[in-house]
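*Asks:* mmCIF, C-alpha atoms (C1' of nucleotides), saved as my_file.cif, coming up:
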data_start
#
loop_
_atom_site.label_atom_id
_atom_site.label_comp_id
_atom_site.auth_asym_id
_atom_site.auth_seq_id
_atom_site.Cartn_x
_atom_site.Cartn_y
_atom_site.Cartn_z
CA MET C 1 0.00 0.00 0.00
CA ASN C 2 2.85 2.33 0.78
CA TYR C 3 5.16 2.23 -2.22
CA GLN C 4 8.52 3.87 -2.00
CA LEU C 5 9.24 5.99 -5.05
CA ASN C 6 12.28 5.03 -7.06
CA GLU C 7 15.03 7.42 -8.01
CA GLN C 8 13.48 8.38 -11.33
CA GLN C 9 10.10 9.01 -9.77
CA LEU C 10 11.59 11.17 -7.05
CA GLN C 11 13.33 13.27 -9.67
CA LEU C 12 10.11 13.61 -11.60
CA VAL C 13 8.38 14.84 -8.45
CA GLU C 14 11.13 17.35 -7.91
CA ARG C 15 10.90 18.66 -11.46
CA ILE C 16 7.15 19.05 -11.22
CA VAL C 17 7.51 20.90 -7.91
CA THR C 18 9.97 23.29 -9.55
CA VAL C 19 7.58 24.16 -12.34
CA LEU C 20 4.59 24.53 -10.04
CA GLU C 21 6.57 26.80 -7.73
CA GLN C 22 7.20 29.13 -10.67
CA ASP C 23 3.47 29.71 -10.68
CA ASN C 24 3.54 30.83 -7.05
CA THR C 25 2.55 27.53 -5.56
CA SER C 26 3.99 26.86 -2.11
CA PRO C 27 6.46 23.97 -1.82
CA ALA C 28 4.18 21.86 0.35
CA ILE C 29 1.21 22.17 -1.96
CA ALA C 30 3.32 21.63 -5.04
CA GLY C 31 4.85 18.58 -3.36
CA ILE C 32 1.50 16.98 -2.59
CA VAL C 33 0.24 17.49 -6.12
CA ALA C 34 3.47 16.19 -7.64
CA LEU C 35 3.57 13.19 -5.31
CA LEU C 36 0.00 12.16 -6.07
CA LEU C 37 0.66 12.55 -9.77
CA VAL C 38 3.76 10.40 -9.82
CA SER C 39 3.08 7.82 -7.13
CA PRO C 40 1.58 4.55 -8.31
CA CYS C 41 -0.82 4.82 -5.37
CA ARG C 42 -4.05 6.30 -6.56
CA GLU C 43 -4.77 7.51 -3.03
CA MET C 44 -2.71 8.17 0.05
CA THR C 45 -3.28 8.91 3.72
CA ILE C 46 -2.03 12.04 5.40
CA ASP C 47 0.70 10.02 7.10
CA GLU C 48 1.98 8.61 3.85
CA ILE C 49 2.04 12.05 2.27
CA GLN C 50 3.72 13.52 5.30
CA GLU C 51 6.34 10.82 5.41
CA GLN C 52 7.23 10.95 1.73
CA LEU C 53 7.52 14.73 1.66
CA GLN C 54 9.12 15.07 5.09
CA LEU C 55 6.64 17.66 6.27
CA SER C 56 5.17 18.23 9.69
CA LYS C 57 1.66 16.98 10.30
CA SER C 58 0.23 20.47 10.66
CA SER C 59 1.81 21.70 7.46
CA THR C 60 0.60 18.65 5.62
CA ASN C 61 -2.88 19.10 7.05
CA HIS C 62 -2.90 22.75 6.13
CA ALA C 63 -1.78 22.14 2.57
CA ILE C 64 -4.28 19.30 2.14
CA ASN C 65 -7.13 21.51 3.29
CA ILE C 66 -6.18 24.23 0.85
CA LEU C 67 -6.12 21.68 -1.95
CA LEU C 68 -9.45 20.21 -0.79
CA GLN C 69 -11.02 23.63 -0.82
CA ALA C 70 -9.64 24.31 -4.26
CA GLY C 71 -11.18 21.06 -5.44
CA MET C 72 -7.81 19.63 -6.42
CA LEU C 73 -8.09 16.89 -3.80
CA SER C 74 -10.90 14.70 -2.57
CA TYR C 75 -10.99 11.82 -0.15
CA GLY C 76 -12.77 8.61 0.65
CA HIS C 77 -12.67 6.00 3.38
CA LYS C 78 -11.77 2.34 3.23
CA LEU C 79 -14.19 -0.01 4.99
CA LEU C 80 -15.84 2.93 6.71
CA ALA C 81 -12.80 3.52 8.86
CA ARG C 82 -12.03 7.09 9.91
CA LYS C 83 -8.78 7.31 8.03
CA ARG C 84 -9.05 9.43 4.90
CA TYR C 85 -7.57 8.42 1.59
CA TYR C 86 -6.75 11.47 -0.46
CA ARG C 87 -6.63 11.48 -4.23
CA LEU C 88 -6.05 14.03 -6.95
CA GLU C 89 -9.04 15.44 -8.81
CA VAL C 90 -7.58 15.93 -12.25
CA ARG C 91 -10.83 17.42 -13.50
CA ALA C 92 -10.24 20.47 -11.28
CA TRP C 93 -7.39 21.50 -13.53
CA ARG C 94 -9.86 22.40 -16.21
CA ASP C 95 -11.71 24.67 -13.83
CA PHE C 96 -8.46 26.40 -13.00
CA LEU C 97 -7.83 27.08 -16.64
CA LEU C 98 -11.32 28.51 -16.93
CA LYS C 99 -10.79 30.74 -13.91
CA LYS C 100 -7.55 32.05 -15.37
CA LEU C 101 -9.31 32.82 -18.61
CA LYS C 102 -11.95 34.77 -16.73
CA ARG C 103 -9.30 37.01 -15.23
CA GLN C 104 -7.74 37.44 -18.64
CA LYS C 105 -11.12 38.45 -19.97
CA LYS C 106 -11.58 40.96 -17.16
CA LEU C 107 -8.23 42.53 -17.97
CA ASN C 108 -9.20 42.68 -21.61
CA GLU C 109 -12.36 44.55 -20.81
CA LEU C 110 -10.40 47.04 -18.76
CA LEU C 111 -7.92 47.55 -21.60
CA SER C 112 -10.85 48.21 -23.92
CA GLU C 113 -12.02 50.89 -21.52
CA VAL C 114 -8.53 52.33 -21.55
CA ILE C 115 -8.54 52.49 -25.33
CA GLU C 116 -11.91 54.21 -25.41
CA GLN C 117 -10.78 57.05 -23.21
CA ARG C 118 -7.32 57.64 -24.64
CA PRO C 119 -6.57 60.89 -26.46
CA GLU C 120 -6.01 60.71 -30.20
CA GLU C 121 -2.61 62.35 -29.94
CA THR C 122 -1.02 59.12 -28.73
CA HIS C 123 -2.25 57.18 -31.74
CA GLU C 124 0.88 55.07 -32.06
CA PHE C 125 0.53 53.87 -28.50
CA ASN C 126 -3.22 53.45 -28.90
CA LYS C 127 -2.66 51.30 -31.95
CA HIS C 128 -0.37 48.96 -30.04
CA LEU C 129 -2.98 48.71 -27.33
CA ILE C 130 -5.68 47.87 -29.83
CA ASP C 131 -3.46 45.20 -31.37
CA LEU C 132 -2.83 43.73 -27.93
CA VAL C 133 -6.50 43.63 -27.01
CA ASN C 134 -7.39 42.04 -30.32
CA LEU C 135 -4.73 39.41 -29.86
CA MET C 136 -5.82 38.65 -26.33
CA GLU C 137 -9.41 38.47 -27.40
CA GLN C 138 -8.59 35.92 -30.06
CA LEU C 139 -6.57 33.91 -27.57
CA HIS C 140 -9.45 34.02 -25.16
CA THR C 141 -12.15 32.94 -27.55
CA SER C 142 -10.12 30.11 -29.05
CA SER C 143 -9.23 28.87 -25.57
CA ILE C 144 -12.81 29.05 -24.37
CA GLN C 145 -13.94 27.12 -27.41
CA LEU C 146 -11.52 24.32 -26.65
CA LEU C 147 -12.35 24.26 -22.95
CA LYS C 148 -16.09 24.28 -23.34
CA LYS C 149 -16.05 20.89 -25.05
CA MET P 1 2.64 68.13 -19.22
CA ASN P 2 1.47 66.88 -15.88
CA TYR P 3 -2.21 66.13 -16.29
CA GLN P 4 -4.25 65.35 -13.26
CA LEU P 5 -6.41 62.29 -13.77
CA ASN P 6 -10.12 62.79 -13.44
CA GLU P 7 -12.36 60.74 -11.19
CA GLN P 8 -13.23 58.21 -13.87
CA GLN P 9 -9.61 57.72 -14.83
CA LEU P 10 -8.56 57.23 -11.22
CA GLN P 11 -11.19 54.56 -10.82
CA LEU P 12 -10.01 52.86 -13.97
CA VAL P 13 -6.47 52.84 -12.61
CA GLU P 14 -7.72 51.31 -9.38
CA ARG P 15 -9.63 48.60 -11.19
CA ILE P 16 -6.65 47.69 -13.31
CA VAL P 17 -4.44 47.54 -10.23
CA THR P 18 -6.90 45.16 -8.61
CA VAL P 19 -6.82 42.75 -11.54
CA LEU P 20 -3.04 42.90 -11.88
CA GLU P 21 -2.61 42.22 -8.18
CA GLN P 22 -4.59 39.01 -8.59
CA ASP P 23 -1.75 37.83 -10.80
CA ASN P 24 0.77 38.41 -7.99
CA THR P 25 1.91 41.81 -9.14
CA SER P 26 2.97 44.15 -6.35
CA PRO P 27 0.83 47.26 -5.80
CA ALA P 28 3.58 49.67 -6.83
CA ILE P 29 4.31 47.89 -10.09
CA ALA P 30 0.64 47.41 -10.87
CA GLY P 31 0.09 51.09 -10.14
CA ILE P 32 2.79 52.26 -12.54
CA VAL P 33 1.50 50.06 -15.33
CA ALA P 34 -2.10 51.13 -14.75
CA LEU P 35 -1.15 54.79 -14.51
CA LEU P 36 0.79 54.77 -17.75
CA LEU P 37 -2.04 52.94 -19.46
CA VAL P 38 -4.73 55.37 -18.40
CA SER P 39 -2.91 58.69 -18.28
CA PRO P 40 -3.14 60.81 -21.42
CA CYS P 41 0.60 61.44 -21.03
CA ARG P 42 2.46 59.05 -23.24
CA GLU P 43 5.51 59.36 -21.00
CA MET P 44 6.12 60.46 -17.45
CA THR P 45 9.07 61.28 -15.22
CA ILE P 46 9.78 59.45 -12.00
CA ASP P 47 8.53 62.46 -10.05
CA GLU P 48 5.23 62.54 -11.85
CA ILE P 49 4.74 58.83 -11.30
CA GLN P 50 5.73 59.12 -7.68
CA GLU P 51 3.40 62.01 -7.06
CA GLN P 52 0.37 60.47 -8.72
CA LEU P 53 0.76 57.14 -6.95
CA GLN P 54 1.86 58.61 -3.62
CA LEU P 55 4.91 56.38 -3.39
CA SER P 56 8.32 57.09 -1.95
CA LYS P 57 11.08 57.84 -4.40
CA SER P 58 12.98 54.68 -3.58
CA SER P 59 9.95 52.48 -4.02
CA THR P 60 9.12 54.16 -7.29
CA ASN P 61 12.69 53.76 -8.46
CA HIS P 62 12.73 50.12 -7.45
CA ALA P 63 9.47 49.34 -9.21
CA ILE P 64 10.57 51.22 -12.33
CA ASN P 65 13.79 49.25 -12.53
CA ILE P 66 11.95 45.97 -12.25
CA LEU P 67 9.66 47.04 -15.07
CA LEU P 68 12.61 48.24 -17.16
CA GLN P 69 14.34 44.92 -16.70
CA ALA P 70 11.18 43.10 -17.66
CA GLY P 71 10.99 45.19 -20.80
CA MET P 72 7.62 46.62 -19.84
CA LEU P 73 9.08 50.11 -19.57
CA SER P 74 11.57 52.10 -21.61
CA TYR P 75 12.71 55.68 -21.42
CA GLY P 76 14.00 58.56 -23.47
CA HIS P 77 15.26 62.07 -22.85
CA LYS P 78 13.87 65.38 -23.91
CA LEU P 79 16.36 67.83 -25.44
CA LEU P 80 19.20 65.67 -24.21
CA ALA P 81 18.49 66.57 -20.62
CA ARG P 82 19.25 64.02 -17.94
CA LYS P 83 15.67 63.59 -16.87
CA ARG P 84 14.17 60.32 -18.06
CA TYR P 85 10.75 60.06 -19.58
CA TYR P 86 9.33 56.61 -18.98
CA ARG P 87 6.77 55.00 -21.24
CA LEU P 88 5.02 51.67 -21.46
CA GLU P 89 6.22 49.10 -23.92
CA VAL P 90 3.00 47.42 -24.91
CA ARG P 91 4.85 45.00 -27.14
CA ALA P 92 6.37 43.37 -24.06
CA TRP P 93 2.99 41.99 -23.15
CA ARG P 94 3.21 39.60 -26.03
CA ASP P 95 6.53 38.29 -24.78
CA PHE P 96 4.96 37.69 -21.39
CA LEU P 97 2.24 35.64 -22.96
CA LEU P 98 4.88 33.64 -24.79
CA LYS P 99 6.83 33.08 -21.60
CA LYS P 100 3.72 31.85 -19.82
CA LEU P 101 3.04 29.46 -22.66
CA LYS P 102 6.55 28.10 -22.37
CA ARG P 103 5.97 27.23 -18.74
CA GLN P 104 2.67 25.64 -19.64
CA LYS P 105 4.46 23.57 -22.26
CA LYS P 106 7.07 22.50 -19.73
CA LEU P 107 4.35 21.34 -17.35
CA ASN P 108 2.73 19.48 -20.20
CA GLU P 109 5.91 17.61 -20.96
CA LEU P 110 6.24 16.63 -17.33
CA LEU P 111 2.65 15.39 -17.27
CA SER P 112 3.41 13.30 -20.32
CA GLU P 113 6.32 11.76 -18.46
CA VAL P 114 3.96 11.08 -15.58
CA ILE P 115 1.53 9.30 -17.87
CA GLU P 116 4.28 7.17 -19.37
CA GLN P 117 5.36 5.80 -16.02
CA ARG P 118 1.98 5.25 -14.42
CA PRO P 119 0.82 1.70 -13.66
CA GLU P 120 -2.05 0.36 -15.72
CA GLU P 121 -4.12 -0.40 -12.63
CA THR P 122 -5.06 3.25 -12.22
CA HIS P 123 -6.46 3.46 -15.74
CA GLU P 124 -9.35 5.73 -14.79
CA PHE P 125 -6.97 8.27 -13.33
CA ASN P 126 -4.56 7.82 -16.21
CA LYS P 127 -7.34 8.49 -18.67
CA HIS P 128 -8.19 11.77 -16.99
CA LEU P 129 -4.54 12.73 -17.11
CA ILE P 130 -4.32 11.92 -20.79
CA ASP P 131 -7.42 13.99 -21.47
CA LEU P 132 -5.91 16.88 -19.54
CA VAL P 133 -2.63 16.75 -21.41
CA ASN P 134 -4.40 16.58 -24.73
CA LEU P 135 -6.53 19.56 -23.85
CA MET P 136 -3.55 21.58 -22.68
CA GLU P 137 -1.63 20.64 -25.78
CA GLN P 138 -4.42 21.90 -27.99
CA LEU P 139 -4.65 25.10 -26.00
CA HIS P 140 -0.92 25.54 -26.33
CA THR P 141 -0.68 25.00 -30.04
CA SER P 142 -3.64 27.21 -30.88
CA SER P 143 -2.24 29.96 -28.65
CA ILE P 144 1.20 29.70 -30.17
CA GLN P 145 -0.27 29.90 -33.64
CA LEU P 146 -2.05 33.13 -32.80
CA LEU P 147 0.95 34.63 -31.06
CA LYS P 148 3.48 33.80 -33.74
CA LYS P 149 1.72 36.05 -36.23
"C1'" DT O 1 -13.44 3.21 30.69
"C1'" DT O 2 -8.98 3.75 28.96
"C1'" DT O 3 -6.02 3.94 25.04
"C1'" DT O 4 -4.96 4.83 20.49
"C1'" DT O 5 -5.45 7.25 16.32
"C1'" DA O 6 -6.94 10.84 12.86
"C1'" DG O 7 -7.35 15.18 12.31
"C1'" DT O 8 -7.54 20.17 13.81
"C1'" DT O 9 -6.12 24.34 15.94
"C1'" DC O 10 -2.95 27.45 18.20
"C1'" DT O 11 1.41 29.50 18.88
"C1'" DT O 12 5.96 30.53 17.50
"C1'" DT O 13 9.77 30.96 14.34
"C1'" DA O 14 12.01 32.06 10.08
"C1'" DA O 15 12.11 33.88 5.59
"C1'" DT O 16 10.61 37.04 2.33
"C1'" DA O 17 8.94 41.26 0.22
"C1'" DA O 18 7.14 45.93 -0.09
"C1'" DC O 19 7.89 50.17 1.07
"C1'" DA O 20 9.76 54.50 3.37
"C1'" DG O 21 13.40 57.59 4.56
"C1'" DA O 22 17.86 59.09 4.47
"C1'" DA O 23 22.43 59.06 2.74
"C1'" DC O 24 24.95 59.01 -1.30
"C1'" DT O 25 26.74 59.66 -6.40
"C1'" DA O 26 27.19 61.86 -10.58
"C1'" DA O 27 26.40 65.26 -13.65
"C1'" DA O 28 24.34 69.45 -15.48
"C1'" DA O 29 23.36 74.42 -14.44
"C1'" DA O 30 24.41 78.66 -12.24
"C1'" DT M 1 33.36 76.10 -8.01
"C1'" DT M 2 29.08 75.70 -5.87
"C1'" DT M 3 24.34 74.43 -6.27
"C1'" DT M 4 20.70 71.88 -7.93
"C1'" DT M 5 18.70 67.86 -9.73
"C1'" DA M 6 18.08 62.89 -11.21
"C1'" DG M 7 18.76 58.77 -9.88
"C1'" DT M 8 20.74 55.00 -6.86
"C1'" DT M 9 21.78 52.52 -2.79
"C1'" DC M 10 21.50 51.38 2.02
"C1'" DT M 11 19.07 50.65 6.23
"C1'" DG M 12 15.11 49.80 8.95
"C1'" DT M 13 10.15 48.84 9.58
"C1'" DT M 14 6.16 46.37 8.71
"C1'" DA M 15 3.35 42.81 6.74
"C1'" DT M 16 2.86 38.45 4.90
"C1'" DT M 17 3.60 33.61 4.49
"C1'" DA M 18 5.35 28.87 5.06
"C1'" DA M 19 6.18 25.71 8.08
"C1'" DA M 20 7.08 23.32 12.66
"C1'" DG M 21 5.72 21.76 17.14
"C1'" DA M 22 2.69 21.16 20.69
"C1'" DA M 23 -1.81 21.17 22.60
"C1'" DC M 24 -6.29 19.83 21.77
"C1'" DT M 25 -10.81 17.27 20.07
"C1'" DA M 26 -13.40 13.53 18.74
"C1'" DA M 27 -14.16 9.03 17.84
"C1'" DA M 28 -12.98 4.18 17.22
"C1'" DA M 29 -10.65 0.14 19.39
"C1'" DA M 30 -9.12 -2.37 23.30
#
Go ahead and render the structure in this file as structure tokens.
*Replies:*
Amino acid sequence: MNYQLNEQQLQLVERIVTVLEQDNTSPAIAGIVALLLVSPCREMTIDEIQEQLQLSKSSTNHAINILLQAGMLSYGHKLLARKRYYRLEVRAWRDFLLKKLKRQKKLNELLSEVIEQRPEETHEFNKHLIDLVNLMEQLHTSSIQLLKK
Amino acid sequence: MNYQLNEQQLQLVERIVTVLEQDNTSPAIAGIVALLLVSPCREMTIDEIQEQLQLSKSSTNHAINILLQAGMLSYGHKLLARKRYYRLEVRAWRDFLLKKLKRQKKLNELLSEVIEQRPEETHEFNKHLIDLVNLMEQLHTSSIQLLKK
DNA sequence: TTTTTAGTTCTTTAATAACAGAACTAAAAA
DNA sequence: TTTTTAGTTCTGTTATTAAAGAACTAAAAA
């Protein structure tokens, strides 16, 4: 039940953590996600997670709760025991992408407002802005199309 | 030369700052970007920026240098004087989008590695992962196509 | 009922980052 | 040469955040 990761798997976890951290994910959270991605165990207990990542129980608990709230993690019980078995909810990733796109859209709308109220004298600048908004709008619509399927 | 923003413009600046901060941009940096977007002045001196945003000189200087290094800002001189006139480089936005896509691609490659090494027993989970990677790959390629024009 | 276990909460520590204020540098203007 | 000005750098304060450790709660097992 409690597999030990081999060298290659550990490295893979590390590399995933590195990339996730570049998106402002905390090490503990990144570690849990990476571990549950790479580990052959579909689900793990808090103790197993804690042990593999060498975190304190409170930190592990804290990170797990954040991930639960974000919908990235869920849990079930085996034989109705009280111990929780946590697993990754891969579907949540899609929702994250959608949320990001919503913020992008919001920014786009604001940039459109900017363009509307700019003086004509700065037409060169305005033109660049218009190009940017158009580009971002295209990106947005094509992404939404793909995601909504 | 030193326009005072009207009420509507100030609100627009504030709203842009709010959105930028959600992407982990510091208030000072978000403020400078928003100000230079909204202000009718195509370029501003450090003093004008500082005054409008009510920042200290050192903070303003610090934020400006970060933006310069990121390519979001550039400057020129008027009549060869030593005073710098800073302006937004809208083109840099495109490079940011490209950089983000590169990270997304990196994550995608790692997820592919994950899929390759997963045991067959967790096929349900694996399937979700494969779907995710495929989706993200499509998003990536369509975005790249749009950006590379 | 007592013990064990899973999970939570509270408190403290350490690291980081934003920002302000003051001291400093370099160069143009008087 | 002295003064003014633009910009930089240094130092200190404050706020935020991650994480650890210990105390605590609740419930199942002995």
*Asks:* Go through the shown structure with the PyMOL selection byres ((chain O and resi 3-16) around 10) and write out the matching residues as a list of chain:residue names.
*Replies:*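 Written out, the selection comes to C:Ile46, C:Asp47, C:Lys57, C:Ser58, C:Asn61, C:His62, C:Arg82, C:Lys83, C:Arg84, O:DT1, O:DT2, O:DA17, O:DA18, M:DT16, M:DT17, M:DA18, M:DA19, M:DA20, M:DG21, M:DA22, M:DA23, M:DC24, M:DT25, M:DA26, M:DA27, M:DA28, M:DA29, M:DA30.
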*Asks:* Residues of the last selection are to be written out with C-alpha atoms (C1' of nucleotides), as a PDB file, keeping the file's coordinate frame.
*Replies:*
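Okay, this is what ended up in out_31.pdb:
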ATOM      1  CA  ILE C  46      -2.030  12.040   5.400  1.00  0.00           C
ATOM      2  CA  ASP C  47       0.700  10.020   7.100  1.00  0.00           C
ATOM      3  CA  LYS C  57       1.660  16.980  10.300  1.00  0.00           C
ATOM      4  CA  SER C  58       0.230  20.470  10.660  1.00  0.00           C
ATOM      5  CA  ASN C  61      -2.880  19.100   7.050  1.00  0.00           C
ATOM      6  CA  HIS C  62      -2.900  22.750   6.130  1.00  0.00           C
ATOM      7  CA  ARG C  82     -12.030   7.090   9.910  1.00  0.00           C
ATOM      8  CA  LYS C  83      -8.780   7.310   8.030  1.00  0.00           C
ATOM      9  CA  ARG C  84      -9.050   9.430   4.900  1.00  0.00           C
TER      10      ARG C  84
ATOM     11  C1'  DT O   1     -13.440   3.210  30.690  1.00  0.00           C
ATOM     12  C1'  DT O   2      -8.980   3.750  28.960  1.00  0.00           C
ATOM     13  C1'  DA O  17       8.940  41.260   0.220  1.00  0.00           C
ATOM     14  C1'  DA O  18       7.140  45.930  -0.090  1.00  0.00           C
TER      15       DA O  18
ATOM     16  C1'  DT M  16       2.860  38.450   4.900  1.00  0.00           C
ATOM     17  C1'  DT M  17       3.600  33.610   4.490  1.00  0.00           C
ATOM     18  C1'  DA M  18       5.350  28.870   5.060  1.00  0.00           C
ATOM     19  C1'  DA M  19       6.180  25.710   8.080  1.00  0.00           C
ATOM     20  C1'  DA M  20       7.080  23.320  12.660  1.00  0.00           C
ATOM     21  C1'  DG M  21       5.720  21.760  17.140  1.00  0.00           C
ATOM     22  C1'  DA M  22       2.690  21.160  20.690  1.00  0.00           C
ATOM     23  C1'  DA M  23      -1.810  21.170  22.600  1.00  0.00           C
ATOM     24  C1'  DC M  24      -6.290  19.830  21.770  1.00  0.00           C
ATOM     25  C1'  DT M  25     -10.810  17.270  20.070  1.00  0.00           C
ATOM     26  C1'  DA M  26     -13.400  13.530  18.740  1.00  0.00           C
ATOM     27  C1'  DA M  27     -14.160   9.030  17.840  1.00  0.00           C
ATOM     28  C1'  DA M  28     -12.980   4.180  17.220  1.00  0.00           C
ATOM     29  C1'  DA M  29     -10.650   0.140  19.390  1.00  0.00           C
ATOM     30  C1'  DA M  30      -9.120  -2.370  23.300  1.00  0.00           C
TER      31       DA M  30
END
*Asks:* Here's the selection I'm unsure about, the PyMOL selection byres ((chain P) within 12 of (chain O)); applied to the file above, which residues does it give, as a PyMOL selection string?
*Replies:* chain P and resi 24-29+54-63+80-83
*Asks:* Chain C residues within 8 Å of chain P, counting all atoms listed in the file: which ones, as number ranges by chain?
*Replies:* C: 12, 15-16, 19-20, 37-40, 42, 90-91, 93-94, 103, 106-107, 110, 114, 117-119, 122, 125, 128-129, 132, 135, 138-139, 142-143, 146-147
*Asks:* So how far away is atom CA of Ile49 of chain C from atom CA of Glu7 of chain C, in Å?
*Replies:*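 Computing it gives 17.2 Å between the two atoms.
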*Asks:* Using only C-alpha atoms (C1' of nucleotides) and a cut-off of 12 Å, which residues of chain M sit close to chain P? Please list them as a VMD selection string.
*Replies:* chain M and resid 5 to 10
*Asks:* Can you fill out segment 65-84 of chain C with N, CA and C atoms and hand it back as a PDB file, keeping the file's coordinate frame?
*Replies:*
ATOM      1  N   ASN C  65      -5.861  20.800   3.218  1.00  0.00           N
ATOM      2  CA  ASN C  65      -7.130  21.510   3.290  1.00  0.00           C
ATOM      3  C   ASN C  65      -7.259  22.586   2.216  1.00  0.00           C
ATOM      4  N   ILE C  66      -6.154  23.247   1.932  1.00  0.00           N
ATOM      5  CA  ILE C  66      -6.180  24.230   0.850  1.00  0.00           C
ATOM      6  C   ILE C  66      -6.522  23.544  -0.471  1.00  0.00           C
ATOM      7  N   LEU C  67      -5.870  22.402  -0.695  1.00  0.00           N
ATOM      8  CA  LEU C  67      -6.120  21.680  -1.950  1.00  0.00           C
ATOM      9  C   LEU C  67      -7.540  21.118  -2.004  1.00  0.00           C
ATOM     10  N   LEU C  68      -8.059  20.688  -0.850  1.00  0.00           N
ATOM     11  CA  LEU C  68      -9.450  20.210  -0.790  1.00  0.00           C
ATOM     12  C   LEU C  68     -10.403  21.335  -1.173  1.00  0.00           C
ATOM     13  N   GLN C  69     -10.144  22.501  -0.571  1.00  0.00           N
ATOM     14  CA  GLN C  69     -11.020  23.630  -0.820  1.00  0.00           C
ATOM     15  C   GLN C  69     -10.967  24.070  -2.286  1.00  0.00           C
ATOM     16  N   ALA C  70      -9.799  23.919  -2.859  1.00  0.00           N
ATOM     17  CA  ALA C  70      -9.640  24.310  -4.260  1.00  0.00           C
ATOM     18  C   ALA C  70     -10.211  23.243  -5.192  1.00  0.00           C
ATOM     19  N   GLY C  71     -10.611  22.116  -4.630  1.00  0.00           N
ATOM     20  CA  GLY C  71     -11.180  21.060  -5.440  1.00  0.00           C
ATOM     21  C   GLY C  71     -10.147  20.175  -6.111  1.00  0.00           C
ATOM     22  N   MET C  72      -8.873  20.410  -5.800  1.00  0.00           N
ATOM     23  CA  MET C  72      -7.810  19.630  -6.420  1.00  0.00           C
ATOM     24  C   MET C  72      -7.669  18.260  -5.764  1.00  0.00           C
ATOM     25  N   LEU C  73      -8.199  18.130  -4.557  1.00  0.00           N
ATOM     26  CA  LEU C  73      -8.090  16.890  -3.800  1.00  0.00           C
ATOM     27  C   LEU C  73      -9.494  16.488  -3.349  1.00  0.00           C
ATOM     28  N   SER C  74      -9.681  15.188  -3.208  1.00  0.00           N
ATOM     29  CA  SER C  74     -10.900  14.700  -2.570  1.00  0.00           C
ATOM     30  C   SER C  74     -10.473  13.507  -1.721  1.00  0.00           C
ATOM     31  N   TYR C  75     -11.383  12.988  -0.934  1.00  0.00           N
ATOM     32  CA  TYR C  75     -10.990  11.820  -0.150  1.00  0.00           C
ATOM     33  C   TYR C  75     -12.149  10.860   0.025  1.00  0.00           C
ATOM     34  N   GLY C  76     -11.789   9.632   0.343  1.00  0.00           N
ATOM     35  CA  GLY C  76     -12.770   8.610   0.650  1.00  0.00           C
ATOM     36  C   GLY C  76     -12.258   7.774   1.803  1.00  0.00           C
ATOM     37  N   HIS C  77     -13.063   6.844   2.258  1.00  0.00           N
ATOM     38  CA  HIS C  77     -12.670   6.000   3.380  1.00  0.00           C
ATOM     39  C   HIS C  77     -12.657   4.552   2.920  1.00  0.00           C
ATOM     40  N   LYS C  78     -11.791   3.770   3.537  1.00  0.00           N
ATOM     41  CA  LYS C  78     -11.770   2.340   3.230  1.00  0.00           C
ATOM     42  C   LYS C  78     -12.488   1.605   4.344  1.00  0.00           C
ATOM     43  N   LEU C  79     -13.465   0.813   4.005  1.00  0.00           N
ATOM     44  CA  LEU C  79     -14.190  -0.010   4.990  1.00  0.00           C
ATOM     45  C   LEU C  79     -14.796   0.841   6.091  1.00  0.00           C
ATOM     46  N   LEU C  80     -15.178   2.041   5.757  1.00  0.00           N
ATOM     47  CA  LEU C  80     -15.840   2.930   6.710  1.00  0.00           C
ATOM     48  C   LEU C  80     -14.972   3.319   7.903  1.00  0.00           C
ATOM     49  N   ALA C  81     -13.692   3.085   7.777  1.00  0.00           N
ATOM     50  CA  ALA C  81     -12.800   3.520   8.860  1.00  0.00           C
ATOM     51  C   ALA C  81     -12.667   5.030   8.813  1.00  0.00           C
ATOM     52  N   ARG C  82     -12.101   5.625   9.852  1.00  0.00           N
ATOM     53  CA  ARG C  82     -12.030   7.090   9.910  1.00  0.00           C
ATOM     54  C   ARG C  82     -10.878   7.658   9.131  1.00  0.00           C
ATOM     55  N   LYS C  83      -9.940   6.806   8.764  1.00  0.00           N
ATOM     56  CA  LYS C  83      -8.780   7.310   8.030  1.00  0.00           C
ATOM     57  C   LYS C  83      -9.186   7.764   6.630  1.00  0.00           C
ATOM     58  N   ARG C  84      -8.692   8.912   6.221  1.00  0.00           N
ATOM     59  CA  ARG C  84      -9.050   9.430   4.900  1.00  0.00           C
ATOM     60  C   ARG C  84      -7.999   9.061   3.863  1.00  0.00           C
TER      61      ARG C  84
END
